[in-house]
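Below you'll find the structure, written out as structure tokens, and then a few comments.
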Number of protein chains: 2
Amino acid sequence: MPTMTAAERRDEAREAYDAFLAACPSHQLLGRISDKWTALIVTSLADGPRRYGEVARTVASISQKMLTQTLRSLERDGIITRTVTPEVPVRVDYELTETGRELLPVLRAIKDWAETHIEGIMASREAYDRRS
Amino acid sequence: MPTMTAAERRDEAREAYDAFLAACPSHQLLGRISDKWTALIVTSLADGPRRYGEVARTVASISQKMLTQTLRSLERDGIITRTVTPEVPVRVDYELTETGRELLPVLRAIKDWAETHIEGIMASREAYDRRS
DNA sequence: CGGGATCCTGCCCGATACTG
DNA sequence: CAGTATCGGGCAGGATCCCG
């Protein structure tokens with residue numbers, strides 16, 4: 001019996017595709033740079049090392065939890081380094097790595113595209129909403 | 001009484017910053033291009049118009065709901081157009097607008113960065129996980 | 001064929017409190 | 001100062017069924 005229902009075939013395709021996506025660098029790292037806070041934090045470190053509290057003030061609206069979590073995650077990915085200086089009180093500095101610095105032009109490209117098209121997009125949204 | 005607690009001051013700062021972020025084109029549109037499916041769908045339309053079902057097959061693992069939802073949202077933003085041809089059965093084509101096509105180089109920049117650094121990042125993750 | 005409507009679940013993230 | 005720990009609400013998003 002070669003019978004395989006359509007549903008089974010779809011499931012199989014989906015699994016295969018999920019595996020493909022999981023292995024796809026672009027897709028993984030798109031998730032990385034596009035989470036809610038990564039861009040803001042990386043940009044905050046663009047001009048050089050900064051202490052935890054300085055980053056917190058730059059990205060004023062972030063919660064302590066998400067700041068620490070995102071910093072850790074960026075450190076894990078080798079996009080920033082974390083340096084602890086055992087003074088009293090403790091001092092912790094974060095700094096972009098080379099990989100992190102090479103991310104800056106990408107973010108700038110996004111920013112450029114955004115600033116070029118934001119006006120048209122806002123207008124498009126309004127028109128769309130008025131129509132429906 | 002000029003008294004304002006630290007908590008109140010923080011809240012005020014957060015609100016102001018949230019308003020700033022809400023008004024920031026880069027931040028808004030970063031959310032736009034970086035959601036789970038936008039990049040895949042836009043890329044799927046890079047070579048020309050496609051029907052709903054074709055896009056669905058290209059981005060095999062997406063659910064019907066998210067495909068429709070994302071397409072609608074992209075249409076609202078003026079990144080793609082939606083053309084209904086009342087044949088039997090119905091035919092619906094999606095196509096990138098100029099704004100949408102100008103998004104392609106940005107996505108390519110992300111892809112290039114990703115492919116250049118994926119290896120180092122994977123290694124960094126492993127090292128980080130083994131250490132802790 | 002190309003959707004809409006509904007239900008339901010995980011997990012993202014904010015708020016809060018405590019530590020070295 | 002720079003975190004960790006815990007709790008809980010909200011909502012993105014998957015599954016399913018129905019429709020013109």
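Residue numbering restarts at 1 in every chain; chains get A, B, ... in the order shown in the structure tokens, and ligands count up from 1 in that same order.
Using only C-alpha atoms, the part of chain B that sits within 6 Å of chain A is made up of Arg14, Pro25, Ser26, Leu29, Ser34, Ser61, Arg76, Asp77, Gly78, Lys111, Ala114, Glu115, Ile118, Ile121, Ser124, Arg125 and Tyr128 of chain B.
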Restricted to N, CA, C and O atoms, what would the selected residues look like written as a PDB file, in the first residue's frame?
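Contents of the output file result-v4.pdb:
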ATOM      1  N   ARG B  14      10.292  56.388  30.766  1.00  0.00           N
ATOM      2  CA  ARG B  14       9.939  55.233  29.947  1.00  0.00           C
ATOM      3  C   ARG B  14       8.850  55.595  28.939  1.00  0.00           C
ATOM      4  O   ARG B  14       8.931  55.251  27.766  1.00  0.00           O
ATOM      5  N   PRO B  25      11.149  55.698  12.700  1.00  0.00           N
ATOM      6  CA  PRO B  25      10.950  54.897  11.488  1.00  0.00           C
ATOM      7  C   PRO B  25      11.763  53.610  11.502  1.00  0.00           C
ATOM      8  O   PRO B  25      11.241  52.539  11.182  1.00  0.00           O
ATOM      9  N   SER B  26      13.026  53.710  11.869  1.00  0.00           N
ATOM     10  CA  SER B  26      13.875  52.530  11.839  1.00  0.00           C
ATOM     11  C   SER B  26      13.294  51.436  12.718  1.00  0.00           C
ATOM     12  O   SER B  26      13.252  50.268  12.339  1.00  0.00           O
ATOM     13  N   LEU B  29       9.970  49.949  11.255  1.00  0.00           N
ATOM     14  CA  LEU B  29      10.140  49.130  10.060  1.00  0.00           C
ATOM     15  C   LEU B  29      11.078  47.962  10.292  1.00  0.00           C
ATOM     16  O   LEU B  29      11.049  46.986   9.554  1.00  0.00           O
ATOM     17  N   SER B  34      11.386  42.239  10.016  1.00  0.00           N
ATOM     18  CA  SER B  34      12.052  41.177  10.755  1.00  0.00           C
ATOM     19  C   SER B  34      11.076  40.203  11.377  1.00  0.00           C
ATOM     20  O   SER B  34      11.482  39.368  12.160  1.00  0.00           O
ATOM     21  N   SER B  61       6.583  25.766   5.104  1.00  0.00           N
ATOM     22  CA  SER B  61       6.191  25.459   6.483  1.00  0.00           C
ATOM     23  C   SER B  61       5.238  26.483   7.086  1.00  0.00           C
ATOM     24  O   SER B  61       4.795  26.335   8.215  1.00  0.00           O
ATOM     25  N   ARG B  76      -0.843  46.223   2.991  1.00  0.00           N
ATOM     26  CA  ARG B  76      -1.191  47.451   3.705  1.00  0.00           C
ATOM     27  C   ARG B  76      -0.021  48.431   3.715  1.00  0.00           C
ATOM     28  O   ARG B  76      -0.198  49.645   3.585  1.00  0.00           O
ATOM     29  N   ASP B  77       1.172  47.908   3.856  1.00  0.00           N
ATOM     30  CA  ASP B  77       2.362  48.766   3.903  1.00  0.00           C
ATOM     31  C   ASP B  77       2.836  49.187   2.514  1.00  0.00           C
ATOM     32  O   ASP B  77       3.827  49.899   2.382  1.00  0.00           O
ATOM     33  N   GLY B  78       2.146  48.714   1.488  1.00  0.00           N
ATOM     34  CA  GLY B  78       2.557  49.097   0.142  1.00  0.00           C
ATOM     35  C   GLY B  78       3.844  48.433  -0.302  1.00  0.00           C
ATOM     36  O   GLY B  78       4.566  48.942  -1.148  1.00  0.00           O
ATOM     37  N   LYS B 111      21.682  38.776   4.652  1.00  0.00           N
ATOM     38  CA  LYS B 111      22.081  37.424   4.283  1.00  0.00           C
ATOM     39  C   LYS B 111      23.604  37.314   4.194  1.00  0.00           C
ATOM     40  O   LYS B 111      24.201  36.356   4.682  1.00  0.00           O
ATOM     41  N   ALA B 114      25.086  37.334   7.572  1.00  0.00           N
ATOM     42  CA  ALA B 114      24.786  36.065   8.218  1.00  0.00           C
ATOM     43  C   ALA B 114      25.709  34.957   7.720  1.00  0.00           C
ATOM     44  O   ALA B 114      26.298  34.210   8.505  1.00  0.00           O
ATOM     45  N   GLU B 115      25.853  34.876   6.411  1.00  0.00           N
ATOM     46  CA  GLU B 115      26.652  33.781   5.863  1.00  0.00           C
ATOM     47  C   GLU B 115      28.132  33.950   6.163  1.00  0.00           C
ATOM     48  O   GLU B 115      28.865  32.978   6.293  1.00  0.00           O
ATOM     49  N   ILE B 118      28.151  33.184  10.318  1.00  0.00           N
ATOM     50  CA  ILE B 118      27.434  32.079  10.961  1.00  0.00           C
ATOM     51  C   ILE B 118      28.384  31.082  11.609  1.00  0.00           C
ATOM     52  O   ILE B 118      28.145  30.602  12.719  1.00  0.00           O
ATOM     53  N   ILE B 121      29.889  32.412  14.776  1.00  0.00           N
ATOM     54  CA  ILE B 121      28.863  32.548  15.798  1.00  0.00           C
ATOM     55  C   ILE B 121      28.498  31.187  16.387  1.00  0.00           C
ATOM     56  O   ILE B 121      28.362  31.034  17.600  1.00  0.00           O
ATOM     57  N   SER B 124      31.244  30.281  18.630  1.00  0.00           N
ATOM     58  CA  SER B 124      31.181  31.085  19.847  1.00  0.00           C
ATOM     59  C   SER B 124      30.126  30.538  20.811  1.00  0.00           C
ATOM     60  O   SER B 124      30.348  30.468  22.019  1.00  0.00           O
ATOM     61  N   ARG B 125      29.004  30.132  20.260  1.00  0.00           N
ATOM     62  CA  ARG B 125      27.946  29.573  21.097  1.00  0.00           C
ATOM     63  C   ARG B 125      28.393  28.296  21.791  1.00  0.00           C
ATOM     64  O   ARG B 125      28.183  28.116  22.987  1.00  0.00           O
ATOM     65  N   TYR B 128      30.833  29.079  24.507  1.00  0.00           N
ATOM     66  CA  TYR B 128      30.137  29.707  25.637  1.00  0.00           C
ATOM     67  C   TYR B 128      29.392  28.665  26.460  1.00  0.00           C
ATOM     68  O   TYR B 128      29.443  28.670  27.687  1.00  0.00           O
TER      69      TYR B 128
END
Listing only residues of chain D within 8 Å of chain A, what is the closest atom pair and its distance in Å (to one decimal) for each, using only C-alpha atoms (C1' of nucleotides), sorted by chain and residue number ascending, as CSV?
residue,atom,partner,partner_atom,distance
D:DC1,C1',A:Pro89,CA,5.7
D:DA2,C1',A:Tyr52,CA,7.2
D:DG3,C1',A:Thr68,CA,7.9
Would you mind exporting the chosen residues as a short mmCIF file (atom, residue, chain, number, x, y, z; two decimals), in the first residue's frame, restricted to all heavy atoms?
data_model
loop_
_atom_site.label_atom_id
_atom_site.label_comp_id
_atom_site.auth_asym_id
_atom_site.auth_seq_id
_atom_site.Cartn_x
_atom_site.Cartn_y
_atom_site.Cartn_z
P DC D 1 24.69 53.09 40.67
OP1 DC D 1 25.10 53.89 39.53
OP2 DC D 1 23.36 52.52 40.73
"O5'" DC D 1 25.73 51.89 40.83
"C5'" DC D 1 27.02 51.98 40.21
"C4'" DC D 1 27.44 50.58 39.86
"O4'" DC D 1 27.14 49.74 41.00
"C3'" DC D 1 26.70 49.99 38.66
"O3'" DC D 1 27.67 49.35 37.82
"C2'" DC D 1 25.73 48.98 39.28
"C1'" DC D 1 26.39 48.61 40.59
N1 DC D 1 25.43 48.32 41.70
C2 DC D 1 25.43 47.06 42.30
O2 DC D 1 26.24 46.21 41.92
N3 DC D 1 24.56 46.81 43.31
C4 DC D 1 23.72 47.77 43.69
N4 DC D 1 22.87 47.47 44.70
C5 DC D 1 23.69 49.05 43.10
C6 DC D 1 24.55 49.29 42.10
P DA D 2 27.34 48.95 36.31
OP1 DA D 2 28.60 48.96 35.55
OP2 DA D 2 26.19 49.75 35.86
"O5'" DA D 2 26.88 47.43 36.47
"C5'" DA D 2 27.84 46.48 36.91
"C4'" DA D 2 27.15 45.20 37.27
"O4'" DA D 2 26.31 45.40 38.44
"C3'" DA D 2 26.22 44.64 36.18
"O3'" DA D 2 26.48 43.27 35.97
"C2'" DA D 2 24.83 44.88 36.76
"C1'" DA D 2 25.11 44.70 38.23
N9 DA D 2 24.07 45.22 39.12
C8 DA D 2 23.36 46.39 39.01
N7 DA D 2 22.48 46.57 39.96
C5 DA D 2 22.61 45.44 40.76
C6 DA D 2 21.95 45.03 41.93
N6 DA D 2 20.98 45.74 42.52
N1 DA D 2 22.33 43.86 42.49
C2 DA D 2 23.31 43.15 41.89
N3 DA D 2 24.00 43.44 40.77
C4 DA D 2 23.60 44.61 40.26
P DG D 3 25.94 42.58 34.60
OP1 DG D 3 26.47 41.20 34.57
OP2 DG D 3 26.25 43.51 33.52
"O5'" DG D 3 24.34 42.50 34.72
"C5'" DG D 3 23.74 41.25 34.92
"C4'" DG D 3 23.83 40.85 36.37
"O4'" DG D 3 23.39 41.95 37.19
"C3'" DG D 3 22.93 39.70 36.73
"O3'" DG D 3 23.60 38.48 36.49
"C2'" DG D 3 22.68 39.91 38.22
"C1'" DG D 3 22.92 41.42 38.42
N9 DG D 3 21.73 42.18 38.78
C8 DG D 3 21.24 43.31 38.16
N7 DG D 3 20.18 43.80 38.73
C5 DG D 3 19.94 42.95 39.81
C6 DG D 3 18.93 43.00 40.80
O6 DG D 3 18.01 43.82 40.93
N1 DG D 3 19.06 41.95 41.70
C2 DG D 3 20.04 40.98 41.65
N2 DG D 3 19.99 40.05 42.60
N3 DG D 3 21.00 40.94 40.74
C4 DG D 3 20.89 41.96 39.85
#
How close does chain C get to chain B? List, as CSV, each residue of chain C within 10 Å, its nearest atom pair and the distance in Å to one decimal, counting only C-alpha atoms (C1' of nucleotides).
residue,atom,partner,partner_atom,distance
C:DC1,C1',B:Pro89,CA,5.6
C:DG2,C1',B:Tyr52,CA,7.2
C:DG3,C1',B:Thr68,CA,7.7
C:DG4,C1',B:Lys65,CA,9.4
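If you count only C-alpha atoms (C1' of nucleotides) and ignore residues fewer than 6 places along the chain from A:Leu71, what sits within 9 Å of it is Thr38, Ile41, Ile80, Arg82 and Tyr94 of chain A.
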Output for the residues just chosen: all heavy atoms as a PDB file, in the first residue's frame:
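This is the output file selection20.pdb:
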ATOM      1  N   THR A  38      18.041  43.912  20.220  1.00  0.00           N
ATOM      2  CA  THR A  38      19.402  43.770  19.699  1.00  0.00           C
ATOM      3  C   THR A  38      19.890  45.013  18.972  1.00  0.00           C
ATOM      4  O   THR A  38      20.987  45.518  19.244  1.00  0.00           O
ATOM      5  CB  THR A  38      19.477  42.565  18.756  1.00  0.00           C
ATOM      6  OG1 THR A  38      19.227  41.377  19.499  1.00  0.00           O
ATOM      7  CG2 THR A  38      20.849  42.475  18.106  1.00  0.00           C
ATOM      8  N   ILE A  41      20.694  47.928  21.307  1.00  0.00           N
ATOM      9  CA  ILE A  41      21.868  47.723  22.152  1.00  0.00           C
ATOM     10  C   ILE A  41      23.149  47.805  21.331  1.00  0.00           C
ATOM     11  O   ILE A  41      24.119  48.459  21.727  1.00  0.00           O
ATOM     12  CB  ILE A  41      21.771  46.363  22.883  1.00  0.00           C
ATOM     13  CG1 ILE A  41      20.631  46.411  23.910  1.00  0.00           C
ATOM     14  CG2 ILE A  41      23.088  46.011  23.548  1.00  0.00           C
ATOM     15  CD1 ILE A  41      20.416  45.123  24.655  1.00  0.00           C
ATOM     16  N   ILE A  80      29.289  40.740  21.197  1.00  0.00           N
ATOM     17  CA  ILE A  80      29.881  41.667  22.155  1.00  0.00           C
ATOM     18  C   ILE A  80      30.744  40.889  23.144  1.00  0.00           C
ATOM     19  O   ILE A  80      30.614  39.673  23.283  1.00  0.00           O
ATOM     20  CB  ILE A  80      28.800  42.448  22.951  1.00  0.00           C
ATOM     21  CG1 ILE A  80      27.975  41.486  23.806  1.00  0.00           C
ATOM     22  CG2 ILE A  80      27.896  43.248  22.022  1.00  0.00           C
ATOM     23  CD1 ILE A  80      26.961  42.174  24.691  1.00  0.00           C
ATOM     24  N   ARG A  82      32.132  40.853  27.279  1.00  0.00           N
ATOM     25  CA  ARG A  82      31.742  41.291  28.618  1.00  0.00           C
ATOM     26  C   ARG A  82      32.972  41.253  29.505  1.00  0.00           C
ATOM     27  O   ARG A  82      33.603  40.213  29.662  1.00  0.00           O
ATOM     28  CB  ARG A  82      30.659  40.354  29.157  1.00  0.00           C
ATOM     29  CG  ARG A  82      30.215  40.634  30.572  1.00  0.00           C
ATOM     30  CD  ARG A  82      28.999  39.770  30.903  1.00  0.00           C
ATOM     31  NE  ARG A  82      28.487  40.036  32.236  1.00  0.00           N
ATOM     32  CZ  ARG A  82      28.930  39.417  33.336  1.00  0.00           C
ATOM     33  NH1 ARG A  82      29.883  38.523  33.269  1.00  0.00           N
ATOM     34  NH2 ARG A  82      28.406  39.722  34.505  1.00  0.00           N
ATOM     35  N   TYR A  94      30.789  46.434  28.366  1.00  0.00           N
ATOM     36  CA  TYR A  94      30.429  45.689  27.164  1.00  0.00           C
ATOM     37  C   TYR A  94      31.010  46.394  25.951  1.00  0.00           C
ATOM     38  O   TYR A  94      31.045  47.619  25.886  1.00  0.00           O
ATOM     39  CB  TYR A  94      28.909  45.596  27.040  1.00  0.00           C
ATOM     40  CG  TYR A  94      28.286  44.765  28.134  1.00  0.00           C
ATOM     41  CD1 TYR A  94      27.832  45.359  29.306  1.00  0.00           C
ATOM     42  CD2 TYR A  94      28.185  43.394  27.994  1.00  0.00           C
ATOM     43  CE1 TYR A  94      27.268  44.588  30.322  1.00  0.00           C
ATOM     44  CE2 TYR A  94      27.624  42.626  28.999  1.00  0.00           C
ATOM     45  CZ  TYR A  94      27.166  43.227  30.162  1.00  0.00           C
ATOM     46  OH  TYR A  94      26.620  42.467  31.159  1.00  0.00           O
TER      47      TYR A  94
END
Contact residues around stretch 11-16 of chain C with only C-alpha atoms (C1' of nucleotides) at 10 Å, ignoring same-chain residues under 2 positions, as a ChimeraX atom specification: /A:62-66 /C:9,18 /D:6-12
Store the residues picked out above, limited to N, CA, C and O atoms (P, O5', C5', C4', C3', O3' and C1' of nucleotides), as a short mmCIF file (atom, residue, chain, number, x, y, z; two decimals), in the first residue's frame.
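Done, and the output landed in selection13.cif:
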data_model
loop_
_atom_site.label_atom_id
_atom_site.label_comp_id
_atom_site.auth_asym_id
_atom_site.auth_seq_id
_atom_site.Cartn_x
_atom_site.Cartn_y
_atom_site.Cartn_z
N ILE A 62 14.04 49.77 28.28
CA ILE A 62 14.22 48.33 28.43
C ILE A 62 14.19 47.94 29.90
O ILE A 62 14.62 48.69 30.77
N SER A 63 13.66 46.77 30.18
CA SER A 63 13.65 46.28 31.56
C SER A 63 15.00 45.65 31.87
O SER A 63 15.71 45.19 30.98
N GLN A 64 15.34 45.63 33.16
CA GLN A 64 16.60 45.03 33.59
C GLN A 64 16.72 43.61 33.04
O GLN A 64 17.76 43.20 32.54
N LYS A 65 15.64 42.90 33.15
CA LYS A 65 15.66 41.50 32.74
C LYS A 65 16.04 41.36 31.27
O LYS A 65 16.91 40.58 30.92
N MET A 66 15.36 42.11 30.41
CA MET A 66 15.61 41.97 28.99
C MET A 66 16.98 42.51 28.61
O MET A 66 17.62 41.99 27.69
P DT C 9 -5.32 24.31 25.23
"O5'" DT C 9 -3.74 24.45 25.07
"C5'" DT C 9 -3.11 24.07 23.83
"C4'" DT C 9 -1.87 24.90 23.61
"C3'" DT C 9 -1.05 25.14 24.88
"O3'" DT C 9 0.26 24.64 24.68
"C1'" DT C 9 -1.35 27.16 23.66
P DC C 18 11.91 41.26 49.27
"O5'" DC C 18 13.28 40.49 48.91
"C5'" DC C 18 13.23 39.13 48.45
"C4'" DC C 18 14.61 38.69 47.95
"C3'" DC C 18 15.78 39.09 48.86
"O3'" DC C 18 16.67 37.98 48.99
"C1'" DC C 18 16.20 39.85 46.67
P DT D 6 13.76 30.48 41.62
"O5'" DT D 6 12.32 31.17 41.56
"C5'" DT D 6 11.97 32.14 42.56
"C4'" DT D 6 10.69 32.84 42.20
"C3'" DT D 6 9.67 32.00 41.42
"O3'" DT D 6 8.43 32.06 42.09
"C1'" DT D 6 9.95 34.10 40.41
P DC D 7 7.22 31.04 41.71
"O5'" DC D 7 6.10 32.07 41.22
"C5'" DC D 7 5.85 33.26 41.99
"C4'" DC D 7 5.06 34.25 41.17
"C3'" DC D 7 3.93 33.62 40.36
"O3'" DC D 7 2.70 34.26 40.68
"C1'" DC D 7 5.29 35.02 38.98
P DG D 8 1.32 33.59 40.23
"O5'" DG D 8 0.92 34.53 39.01
"C5'" DG D 8 0.98 35.95 39.15
"C4'" DG D 8 0.88 36.59 37.79
"C3'" DG D 8 -0.19 35.96 36.89
"O3'" DG D 8 -1.08 36.97 36.46
"C1'" DG D 8 1.88 36.14 35.72
P DG D 9 -2.44 36.54 35.78
"O5'" DG D 9 -2.50 37.62 34.60
"C5'" DG D 9 -1.88 38.90 34.79
"C4'" DG D 9 -1.62 39.56 33.45
"C3'" DG D 9 -2.71 39.36 32.41
"O3'" DG D 9 -2.93 40.60 31.75
"C1'" DG D 9 -0.63 38.44 31.62
P DG D 10 -3.91 40.68 30.48
"O5'" DG D 10 -2.94 40.56 29.21
"C5'" DG D 10 -1.76 41.37 29.15
"C4'" DG D 10 -1.06 41.19 27.81
"C3'" DG D 10 -2.02 41.14 26.60
"O3'" DG D 10 -1.40 41.82 25.51
"C1'" DG D 10 -0.82 39.09 26.76
P DC D 11 -2.27 42.20 24.18
"O5'" DC D 11 -1.43 41.61 22.97
"C5'" DC D 11 -0.04 41.30 23.13
"C4'" DC D 11 0.35 40.07 22.31
"C3'" DC D 11 -0.52 39.84 21.07
"O3'" DC D 11 0.32 39.35 20.05
"C1'" DC D 11 -0.49 37.91 22.33
P DA D 12 0.35 40.10 18.59
"O5'" DA D 12 1.43 39.25 17.80
"C5'" DA D 12 2.73 39.09 18.35
"C4'" DA D 12 3.21 37.65 18.23
"C3'" DA D 12 3.04 37.05 16.84
"O3'" DA D 12 4.16 36.21 16.58
"C1'" DA D 12 1.82 35.76 18.38
#
Strand (DSSP E or B) call set, DSSP backbone run, chain B, as a count of residues only: 14
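Between atom CA of B:Arg101 and atom CA of B:Glu54 lies a distance of 18.8 Å.
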Alpha helix (DSSP H) call set, DSSP backbone run, stretch 12-72 of chain A, as a VMD selection string: chain A and resid 12 to 23 25 to 33 38 to 44 52 to 58 64 to 72
